[in-house]
Amino acid sequence: MRSCICLSPSNGFQVFVILVMMIHRKKYDIVIFGGTGLTGRAVVEDLALSVSSGKTSGISWAVSARNCEKMVKILHEIQDSNETGDLSNITVIEADVKDETSLRRMTQQTRVLINCVGPFKSTGEAVILSCLSTHTHYLDMSTESVFLERMQVKYCLSAEEAGVLVVGSCGSKSLVCELGLQFLQKNFPGELVWTESFGSDSGHSGHSDSMSCMTWDTLLGVMASSRELRRIRKTLFESVFEKKTPKYRHKLKSHSFRSHPLNGWLVCVPPSYDIDSDVVRRTQTQSYIDNNSRPVQLVSYVTLGSWFRLIPLSLHTLLFGPLIFLLSSFSSGRSILSCFPRFFSWGSFSRTGPSITTSNFEVVLVGKGYLTELNTPEEEPVPPPGEVTMSLRIKGPEYAHRTASSCINQAAVTLLKERDKIRFRGGILTPGLVFRETSLRQRIQKHGISFDILNSI
Ligand SMILES: NC(=O)c1ccc[n+]([C@@H]2O[C@H](COP(=O)([O-])OP(=O)(O)OC[C@H]3O[C@@H](n4cnc5c(N)ncnc54)[C@H](OP(=O)(O)O)[C@@H]3O)[C@@H](O)[C@H]2O)c1
């Protein structure tokens with residue numbers, strides 16, 4: 001039975017005053033934290049453009065950084081090189097992850113916080129705690145499963161009680177994949193069982209100098225925390241989720257290398273680094289528990305194109321792969337890797353002035369399943385899924401920053417404008433769960449990210 005809290009008139013009045021104060025303190029709808037970083041700057045630019053062009057309306061916003069002077073300079077640069085209109089009236093709030101008071105001062109002023117300060121594994125928890133205590137919804141672009149799953153294990157109940165939505169991976173990874181998979185599932189003629197994701201090279205591994213050293217450091221952190229992740233995942237799937245998903249005989253196999261008529265040569269994203277699969281798995285598990293829906297299996301590949309690219313990459317992986325793996329397992333090794341990102345990453349990451357490229361990305365999701373819907377999610381016919389195949393192509397501007405910025409900004413706008421369509425009061429959740437019933441896909445489509453069904457066989 002639910003316990004009910006009785007408020008005396010004086011107590012009730014105090015609560016009322018606190019509530020009024022809290023509502024009044026929320027001066028902004030959105031605050032972007034870490035606006036001086038490569039990703040943060042792209043998020044600020046995207047929101048400024050979206051507001052000035054009228055694609056996003058009725059939103060009050062501010063920015064936050066530990067170095068306000070740097071932030072003001074960046075706002076000037078954005079204003080000078082874009083048609084954003086006047087940005088001199090945008091408030092800059094000073095906040096440092098290491099200073100709890102400054103974090104609270106920042107989070108209590110906004111209804112939604114967009115956190116662009118990484119690596120999230122070491123900085124994100126303090127920001128989430130501040131959001132929980134000030135009743136602020138939290139979004140980030142984390143690609144670190146160990147951080148996301150640890151936060152879910154530690155704070156899922158507190159977030160629910162506080163009525164705060166904490167949603168990680170709202171950048172291009174893994175929001176794009178989650179929305180694509182839902183779109184495919186909705187249009188699939190029958191029962192979708194397996195999905196393979198084929199990302200274009202520019203989409204997944206980036207061009208030379210396009211990724212910052214922070215993203216490289218984040219990747220090294222992911223490699224170093226594989227043992228911790230295994231431990232946390234065990235707790236998450238055994239204690240936090242109330243039910244286990246069914247075990248299927250027909251498992252979607254991954255191939256290290258393979259060719260595909262649409263995408264040429266492909267290399268499989270190793271499961272321990274495939275953030276999309278991790279996020280999708282959490283979404284599918286919760287959906288199975290809540291709606292008794294079949295958990296769809298996902299394997300991701302990166303497109304390499306021709307043999308000419310496959311050969312040098314294979315040689316690089318053979319030469320450096322084991323070395324990187326070994327060095328990433330101890331801290332002085334990670335320092336060496338961290339000092340020479342360009343050398344170890346085959347030019348994909350740089351410590352000197354990375355820039356956002358003008359490339360485009362393309363991801364093709366190929367779904368396989370059965371023509372007739374099965375009676376239960378546990379049911380599994382004798383032939384492996386493949387009776388029906390349907391492909392979905394997702395295309396958009398540069399993946400890691402441009403697409404990521406539109407995704408996270410529109411996720412924040414959707415949360416503010418369509419709160420009534422989000423069935424969770426609060427929690428540490430995935431984008432697929434939170435935005436399932438909303439128009440987020442349609443909103444990001446207006447920002448140049450398209451979702452097209454290619455064929456159905
Ligand atoms: N999911 C996706 O699609 C996606 C895409 C791109 C990036 N990311 C992730 O986003 C994160 C940021 O990447 P980035 O390339 O933007 O890194 P970056 O350019 O190095 O920016 C880091 C930002 O964090 C700020 N910062 C660092 N320590 C701080 C502290 N103690 N208090 C307050 N602010 C602090 C920095 O401020 P200063 O300027 O003062 O140093 C800067 O604004 C990474 O973890 C990366 O993996 C995800």
# chains A, B, ... in the order shown; residues from 1 in each chain; ligands from 1
>>> residues_around(residues="segment 383-400 of chain A", least_positions_apart="2", cutoff="7 Å", atoms="only C-alpha atoms", output="ChimeraX atom specification")
/A:172,184,188,193,203,250,357-371,381,402-404,448-457
>>> closest_atom_pairs(of="chain A", to="ligand 1", cutoff="7 Å", atoms="only C-alpha atoms and all ligand atoms", output="CSV")
residue,atom,partner,partner_atom_place_in_ligand_line,distance
A:Gly34,CA,ligand 1,43 (O),3.8
A:Gly35,CA,ligand 1,43 (O),5.2
A:Thr36,CA,ligand 1,43 (O),3.9
A:Gly37,CA,ligand 1,21 (O),3.2
A:Leu38,CA,ligand 1,19 (O),3.8
A:Thr39,CA,ligand 1,16 (O),3.6
A:Gly40,CA,ligand 1,16 (O),5.5
A:Ala65,CA,ligand 1,34 (N),5.6
A:Arg66,CA,ligand 1,33 (C),4.7
A:Asn67,CA,ligand 1,40 (O),5.1
A:Ala95,CA,ligand 1,33 (C),6.0
A:Asp96,CA,ligand 1,32 (N),3.5
A:Val97,CA,ligand 1,32 (N),4.0
A:Lys98,CA,ligand 1,31 (N),5.4
A:Cys116,CA,ligand 1,12 (C),5.4
A:Val117,CA,ligand 1,24 (O),3.7
A:Gly118,CA,ligand 1,45 (O),3.6
A:Pro119,CA,ligand 1,45 (O),3.9
A:Phe120,CA,ligand 1,45 (O),5.7
A:Met141,CA,ligand 1,1 (N),4.0
A:Ser142,CA,ligand 1,1 (N),5.3
A:Thr143,CA,ligand 1,1 (N),5.3
A:Ser169,CA,ligand 1,1 (N),5.5
A:Cys170,CA,ligand 1,1 (N),6.6
A:Gly171,CA,ligand 1,3 (O),4.0
A:Ser172,CA,ligand 1,3 (O),4.1
A:Lys173,CA,ligand 1,1 (N),4.3
A:Ser174,CA,ligand 1,1 (N),6.7
A:Met211,CA,ligand 1,15 (O),6.5
A:Ser212,CA,ligand 1,15 (O),4.6
A:Cys213,CA,ligand 1,20 (O),6.5
A:Met214,CA,ligand 1,17 (O),4.5
A:Thr215,CA,ligand 1,47 (O),3.9
A:Thr218,CA,ligand 1,47 (O),5.2
A:Ala400,CA,ligand 1,5 (C),4.2
A:His401,CA,ligand 1,5 (C),5.4
A:Ala404,CA,ligand 1,3 (O),4.9
>>> closest_residue(among="A:Ser53, A:Thr430, A:Gln410, A:Gln445", to="Ile114 of chain A", atoms="only C-alpha atoms")
A:Gln410
>>> closest_residue(among="A:Gly163, A:Val240, A:Arg281, A:Val302", to="Gly199 of chain A", atoms="only C-alpha atoms")
A:Val302
>>> closest_residue(among="A:His76, A:Arg41, A:Lys70, A:Arg111", to="Lys27 of chain A", atoms="only C-alpha atoms")
A:Arg111
>>> residues_around(residues="Leu179 of chain A", least_positions_apart="6", cutoff="8 Å", atoms="only C-alpha atoms", output="PyMOL selection string")
chain A and resi 432+436+441
>>> write_last_selection(atoms="C-alpha atoms", output="tab-separated table (two decimals), in the first residue's frame")
chain	number	residue	atom	x	y	z
A	432	GLY	CA	14.62	5.08	-27.54
A	436	ARG	CA	9.30	6.66	-28.52
A	441	ARG	CA	12.35	11.97	-35.66
>>> closest_residue(among="A:His447, A:Thr123, A:Arg282, A:Ser405", to="Glu45 of chain A", atoms="only C-alpha atoms")
A:Ser405
>>> closest_residue(among="A:Arg334, A:Lys121, A:Lys154, A:Lys253", to="Leu236 of chain A", atoms="only C-alpha atoms")
A:Lys154
>>> closest_residue(among="A:Ser197, A:Ser133, A:Ser345, A:Glu379", to="Thr317 of chain A", atoms="only C-alpha atoms")
A:Ser345
